[in-house]
Each structure stands twice: as C-alpha cells, then as structure tokens.
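Okay, so here's the structure we're looking at.
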Amino acid sequence: MEAIRNDELCDFSDGAPIAIEEMPHWGGDRTVSADLFRRLLLNAYPGIEVEQVRLRGAVISGLLELRFGQIPPVKLEHCRLDGVEFGGATFTGDAEFGGAQFTGRAGFRGATFTGGAGFDKATFAGGAQFYGVTFAGDAWFYGVTFAGDAEFVQAMFTRAGFDGATFTGDAEFLDATFTGEAEFRKSKFAGDAAFQGATFTGDVLFNEAAFTSGAGFYGALAKSWNLSLAQFLSLDPGPWIGSEVILVGASFHVRSRVVITASTTDCSRLQAREGAHLLIRSREVDLSDAEFLRRSILAGPGAVSASPTRIASRLDPGGRPHEWDQLSEIQRAPWQVRKSVFEFARQLATDLDEDHVPGCSVMSLSRANVGNLVISGIALGECSFAGAHELDKMRIDEKCSFGWTPEWSWRRPFTRRRVIVEEIRWRQVHTKGWGEAGPSEELLPALEIAGIYRDLRKGLEDAKNEPGAADFYYGEMEMRRLAGREPVHTRDRTSPWVERALLYAYWALSGYGLRASRALAALALVLIGSAVLFTHSTFAALTPLAERIVAVDLATGSVTHARPEATTESPSFITALEFSARESLSLLQTRSTATLTTTPLGTLLDFLVRLLGPLLLALAAFAVRGRTKR
C-alpha cells in the first residue's frame, strides 16, 4: 500500500533474481488478496487514488475478476496469478505481465488494450482466452509458454510479437487481424496452428518456426509470408496467399501438399524429405538449391480443378457509423481496422488475379536435387538449370513451356525451336540478333550448356517423348558446334578441328538430322549442281548410238554393220538432271545402260552423287522420324 501511495515499484523479491521453477512454491509472505487488488485497480479502496500499480514477485491469491472494468496502467512482473477474468475490460494504459505465471484460467475475452500489452516469458498453465481482444498498441508475447489452448479468435493486433513462443495446445488465430508486422520467429506449435481467415496487412514472420501438428492457413491473407527455415510435420500446411511467400530453407518432414498463390515465391534451399506436392501460381518461383529426396510434384494452377487458393472475400464495412463524431478513438478502431482489411484484400485480389499472375513460372533450379521431381504445367522459359543434380531423371510433361529462338529473319531463316535461358544468355554475348545480356547474368561455357541439354533430352527420351526431346538434342549439338567461338581460355581445347567441321556440315546439311527441309534442299542442290557439271564436256558426253545392221547377204550369211561416229556432244541440262537423279538412287545397284559417257572427272562426280543422294535421303527420313516417333 505504501508503494502505491508513492507510485513506486513494490518488489517482494527485494531485487533478487527470480527462478521460474521456484514460483509455484512461494509462501504467504508474497501474497496479495485478489479482492484487495481488484478494489485497488478499480480505485474503490478508501483513501487511495491509484494511477498505476507495479508489482514484482507477488502472488495474487484467488480469482482476479475485473469484467468490463477500467484498469489503469499495471505492471505485474514475475507475479503468480491463480486466475484472472478481464472479459470486456479496458486497460487505459500499458499492461505488462512479463514473466508472470497464470496458474489457472486466464480470461481476456473482449478486452481492449489501449497501450502496449507485454506478456514476455509469461506462462499460461491453463487456457488463455483472448477471443475478440483489441490490441491498440504493441502486443508482445516473446518466449511465452501456452500449456493449454491459446485462443486469439477475431483478435485485432497492430504490431504483435510471438517470437520464441511455445504453444503446447492448439493455437487459434481464426479471423484474427494484424495491421502491423506479426512476428512468430522460432515459435513452436505442438498442437494445431489455426490461422484460417486471418489477415496480415503487413509482413508475417515465421522464421525457424516448428509446426509439429496441423498448420492451417485457409483463407488467410498476408502481404508477405516469411517461413524461412520453418519445420513442418503437417500433411497439408497452408495454403499461403500473399504478394510474397518465402520458404527459404524450409523443411517438410512428412509428405505434404502445399498450395501457394503469390506474385513471387522463394523456395530456395527447400527440403522435401518425404516428397511434396507443390501447387503454385506465381510469376516468379525460385527453387535453387532445393532438395526433393522423395518423389515430388511441382504443378501449376491448372492441375487443380477447384483451387483452394481462392482469395477469401472480406466484407466491406460500409460508410462510417452515424454517431462517428461521438465515438472515442478506441470505439472507432474496429471500423477502421475492418475498412483497412477490406481495402487490403481488394488490392491483393487485383494483384493476384489471372491477368497479373496467369500461371507458374520457375526462375531457377540451379544446384537443386531434382531427380525425384515431376513438373507439370510450369513455364520454364526463364529457368536456370545450371548445376542441377540428376537433371536427366527429372520428368517434364508436355504442358510445360520453354523459351523460343527469336522470330524468323534473314539471319535465322530456319525453324524455331525451344531453348533454355542459358543458351539465350550465351548467344546474347557471342552472336547477333538475340538481344543484349544483362550485366549480372551468369554466363556458362557452351559445353556446360550442352550438358544441360543432354540431361533434359535424356529425361524426355526415357519418358518415351522423343519428339519433345528433339529440340534439346538440337540445342546440345548447337552448343558443341559453337563452342569454338568462346575465348581460348574457356573453350574446349580437346575438340579437334575435324570434329567441329563435321558438326558444321551436319548442321548445314540436315540440322543435326532434325530438319528434313535442309536435307531435301541439299539433295536438290547436289542434283542440280551435278547436272550443270555433266552438261560440260569435261565431265560427260552423250553416249554414241550402238552399232546397227544395215544389210544381210542371204547367200553367204554375212552381216554388214553401220558403226556410229564418235561424238563429243554435250548433253542437255534435262538429260544431265535425269542422269543425276537416276544415279543418286543407285548406290547399291549395277548401273544400267547410261545415256551419258563420263570422263574420269565425271566418274568421280558420279561416285559423289551416288554416295550423297542416299545419305541425304536418309537424313531427311531420320528428321521426319525424329519428329513423329512414339
């Protein structure tokens, strides 16, 4: 009583350290009657006007009941309370319960904290009821232990901190509202963590949090979900909806189904220890250094017929109440919060609609372990595959999309094909017509890019999708062919010039056995060119007519022959073209009676036509087969 009169701290421990394990055994020398304390807080004790109450190391004996009361600033540091009931009460100043132990029921249902609310390192042995509580100031629950259920249903927070909190029972934040930053770093949720319908208009931080039971976020909205290094033992955590979702280093210890809707999603260093089914709709997804240790699926929004990531509607509170001018600032707060929540949800719905976020685009699988990953309906046009492990075992379905070569031009008169971003960046530096490379983009050597193409090709071929693998084979061969354009200190010095020459010839003649039009065009050039040469006497001349019988002596039986005169007449172009066409199809056949007589140079040219004709026809057939094989 003397401390209250002098507005001083009443310290029952005389400044000595207080051990939490000793608090249950405190004796009567620390006891303050709950009835006396209630009258003090309500300014109902005769002769004493209480402005604030500060206690340390006390025991509040009995049920402290202050329903709908007006409570002055109170500080109960390391106090033990048998039970409290503050339902509907209003704390007119700061309320601090740091290190307090609530050994019985702690009821704050419908209470209003106009100042700060501090419960750092407090312990709630029974249930903690904060249903419908309004925290107008900061609410701190750092290191709090909730031995029973923690009920924050429909609570309104500005800035809230639950870092290091332990929820032994269920943690219920259903339809709760956080208008400032919400901190749950290193929190432990042993029971169900229920955040269904919650709204975080700012960032929510679950860094290093552990969810050992259910983790439900259906209909919850946030500007940014930060779940870095979080641990999940839940079968179906989420879904998470927001402008940004961060799962850097997060671990899923059981097979989980994860649904995400966000503008950007960072899942770098994510670990799916027992596999995961990721359903993501996001403009940018980073899966670099991720590990999928069991069979996993990464699918776009089209894989779900009725997506649970639909943004829940938030009701418009309408215009201000008629008695707005007569309301206090505290009374106005609920309407203002509902209005801000409605505007936030409406803006988020606009940012995440299908026009702004139409599907899922993965930006990086660099250094990720993807041997157990199946990808469906994902845009991979800007995805980096550098350093990915077991890329040849990853499965990519036909609904996935890649980047394309630039549109047709005189520099690129050939068929467009699918490419990976590493080749695009390489060509932006070493070739023209592919745009300009960004200053910070990583540039891989050509042969490493060829290796990425080889792994992607093998994965599709193993899945019996050889037509889909054709573009990756083309890209692999292109990178091998163009490796010589790199600086000497980076190019492959073991590739002889003969091999590179063969690659150039293979590319020009048939597009690595994938462009039938090139092979047929080359065949046409061979036939036309050889026909032009055969029209020259240096290579061929018309074959003279065979000897013919002009007379027969019936008496003696002698026959008179007419020998044709030798000729050097050159054949016409049509005759030479017909001869070339016939010869191009007779590699393994005996030559028939020819219309032309070839010179030694013509014979050599004939051999080339007989060799190149079947070869080019075979390349054309292989190209057609490569595009149609099943």
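Chain identifiers are assigned as A, B, and so on, following the order in which chains appear in the structure tokens; residues are numbered from 1 within each chain, and ligands are numbered from 1 in order of appearance.
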Item to check | Shell of 9 Å around range 396-399 of chain A, only C-alpha atoms, local chain residues under 6 positions omitted, as a list in words | outcome: Leu373, Val374, Ile375, Ser376, Gly377, Ile378, Ala379, Leu456, Gly459, Leu460, Ala463, Asn465 and Gly468 of chain A
Next on the checklist: DSSP on the backbone: which residues in range 386-476 of chain A end up as strand (DSSP E)? Give the answer as number ranges by chain.
Outcome noted: A: 395-396, 403-404, 418-419
Next on the checklist: Could you list, as a list in words, every residue within 7 Å of Glu85 in chain A, counting only C-alpha atoms and ignoring same-chain residues fewer than 3 positions away?
Outcome noted: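 Close residues of Glu85 in chain A: Leu64, Glu65, Leu66, Arg67, Ala106, Gly107 and Phe108 of chain A.
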Checklist entry - A:Ala117, A:Trp426, A:Ala524, A:Ser510: which is nearest Ala621 in chain A, counting only C-alpha atoms? => result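 Result for the nearest residue to Ala621 in chain A: A:Ser510.
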Test item: residues at most 9 Å from Phe68 in chain A, only C-alpha atoms, excluding those fewer than 2 positions along its chain, as a CSV table (one decimal) with C-alpha atoms, in the first residue's frame:
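The resulting around.csv:
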chain,number,residue,atom,x,y,z
A,66,LEU,CA,-12.5,-7.3,-13.4
A,70,GLN,CA,-11.5,0.4,-16.5
A,86,PHE,CA,-10.7,-9.4,-17.6
A,87,GLY,CA,-13.6,-10.0,-20.0
A,88,GLY,CA,-14.7,-6.8,-21.6
A,89,ALA,CA,-12.2,-4.8,-19.5
A,90,THR,CA,-10.3,-1.7,-20.9
A,110,GLY,CA,-13.3,-9.0,-25.5
A,111,ALA,CA,-10.8,-6.9,-23.5
Next on the checklist: Neighbouring residues of Ala215 in chain A were defined as those with any atom within 12 Å, considering only C-alpha atoms; residues of the same chain fewer than 6 positions away were excluded. Please report them as a VMD selection string.
Outcome noted: chain A and resid 170 to 173 188 to 196 206 209 230 to 240 252 256 to 258
Residues just named, written with C-alpha atoms as a tab-separated table (two decimals), in the first residue's frame:
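So the final result, stored in out00.tsv, reads:
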chain	number	residue	atom	x	y	z
A	170	ASP	CA	-3.90	-25.57	-30.06
A	171	ALA	CA	-3.09	-22.05	-31.24
A	172	GLU	CA	-6.24	-20.46	-32.64
A	173	PHE	CA	-5.91	-17.22	-34.60
A	188	LYS	CA	6.87	-23.96	-31.57
A	189	PHE	CA	3.37	-25.20	-32.37
A	190	ALA	CA	2.91	-28.61	-30.74
A	191	GLY	CA	-0.84	-28.56	-31.33
A	192	ASP	CA	-2.79	-27.37	-34.32
A	193	ALA	CA	-1.87	-23.91	-35.58
A	194	ALA	CA	-5.12	-22.46	-36.92
A	195	PHE	CA	-4.81	-19.20	-38.87
A	196	GLN	CA	-7.86	-19.70	-41.10
A	206	PHE	CA	7.56	-17.49	-39.11
A	209	ALA	CA	9.11	-21.84	-36.52
A	230	ALA	CA	10.47	-23.35	-40.78
A	231	GLN	CA	9.90	-27.04	-39.94
A	232	PHE	CA	6.67	-28.78	-40.97
A	233	LEU	CA	5.33	-32.14	-39.83
A	234	SER	CA	1.89	-31.37	-41.22
A	235	LEU	CA	0.34	-33.28	-44.11
A	236	ASP	CA	-1.28	-30.19	-45.61
A	237	PRO	CA	0.26	-26.90	-44.43
A	238	GLY	CA	-1.05	-23.72	-45.98
A	239	PRO	CA	-2.39	-22.57	-48.32
A	240	TRP	CA	-0.42	-19.33	-48.38
A	252	PHE	CA	8.83	-30.73	-44.88
A	256	SER	CA	2.99	-32.67	-47.78
A	257	ARG	CA	0.64	-30.92	-50.14
A	258	VAL	CA	1.49	-27.22	-50.37
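Each of A:Leu315, A:Ala125, A:Asn372, A:Ile330 was checked against Arg294 in chain A using only C-alpha atoms; the smallest atom-to-atom distance is that of A:Asn372.
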Checklist outcome for this item: The distance between CA of Val53 in chain A and CA of Glu22 in chain A is 23.6 Å
Next on the checklist: According to DSSP computed on the backbone, where in range 181-359 of chain A is there helix (DSSP H, G or I)? Give the residues as a list in words.
Outcome noted: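 Reading the DSSP output for range 181-359 of chain A, helix (DSSP H, G or I) covers Pro301, Gly302, Ala303, Trp324, Asp325, Gln326, Glu329, Ile330, Gln331, Arg332, Ala333, Pro334, Trp335, Gln336, Val337, Arg338, Lys339, Ser340, Val341, Phe342, Glu343, Phe344, Ala345, Arg346, Gln347, Leu348, Ala349, Thr350 and Asp351 of chain A.
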Item to check | Distance query Leu617 in chain A at most 12 Å, only C-alpha atoms, self and fewer than 3 positions along chain excluded, as a list in words | outcome: Leu509, Ser510, Gly513, Arg515, Ala516, Ser517, Arg518, Ala519, Leu520, Ala521, Ala522, Leu523, Ala524, Val526, Ser584, Leu585, Val609, Arg610, Leu611, Leu612, Gly613, Pro614, Ala620, Ala621, Phe622, Ala623 and Val624 of chain A
Next on the checklist: Calculated over only C-alpha atoms, which of the candidates A:Val370, A:Gly626, A:Thr261, A:Val254 has the smallest distance to Glu291 in chain A?
Outcome noted: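 Counting only C-alpha atoms, the residue closest to Glu291 in chain A is A:Val370.
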Next on the checklist: At a cut-off of 9 Å, using only C-alpha atoms, what residues contact range 36-38 of chain A? Leave out same-chain residues fewer than 3 positions from it and give the result as an MDAnalysis selection string.
Outcome noted: chainID A and resid 32:33 41:45 60 64:66
Mind writing the picked residues with C-alpha atoms as a short mmCIF file (atom, residue, chain, number, x, y, z; two decimals), in the first residue's frame?
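Saved as selection_12.cif:
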data_model
loop_
_atom_site.label_atom_id
_atom_site.label_comp_id
_atom_site.auth_asym_id
_atom_site.auth_seq_id
_atom_site.Cartn_x
_atom_site.Cartn_y
_atom_site.Cartn_z
CA VAL A 32 -1.79 -10.21 -2.17
CA SER A 33 -5.52 -10.86 -1.98
CA LEU A 41 -7.33 -1.37 -9.72
CA LEU A 42 -10.91 -0.06 -9.77
CA ASN A 43 -10.00 2.86 -7.45
CA ALA A 44 -12.50 1.53 -4.94
CA TYR A 45 -10.17 1.43 -1.94
CA ILE A 60 -2.26 -12.73 -6.48
CA LEU A 64 -8.95 -11.65 -10.03
CA GLU A 65 -12.22 -10.66 -11.70
CA LEU A 66 -12.46 -7.29 -13.43
#
Checklist entry - Of the residues A:Thr595, A:Ile48, A:Leu525, A:Val362, which is the one nearest to Ser401 in chain A, using only C-alpha atoms? => result A:Val362
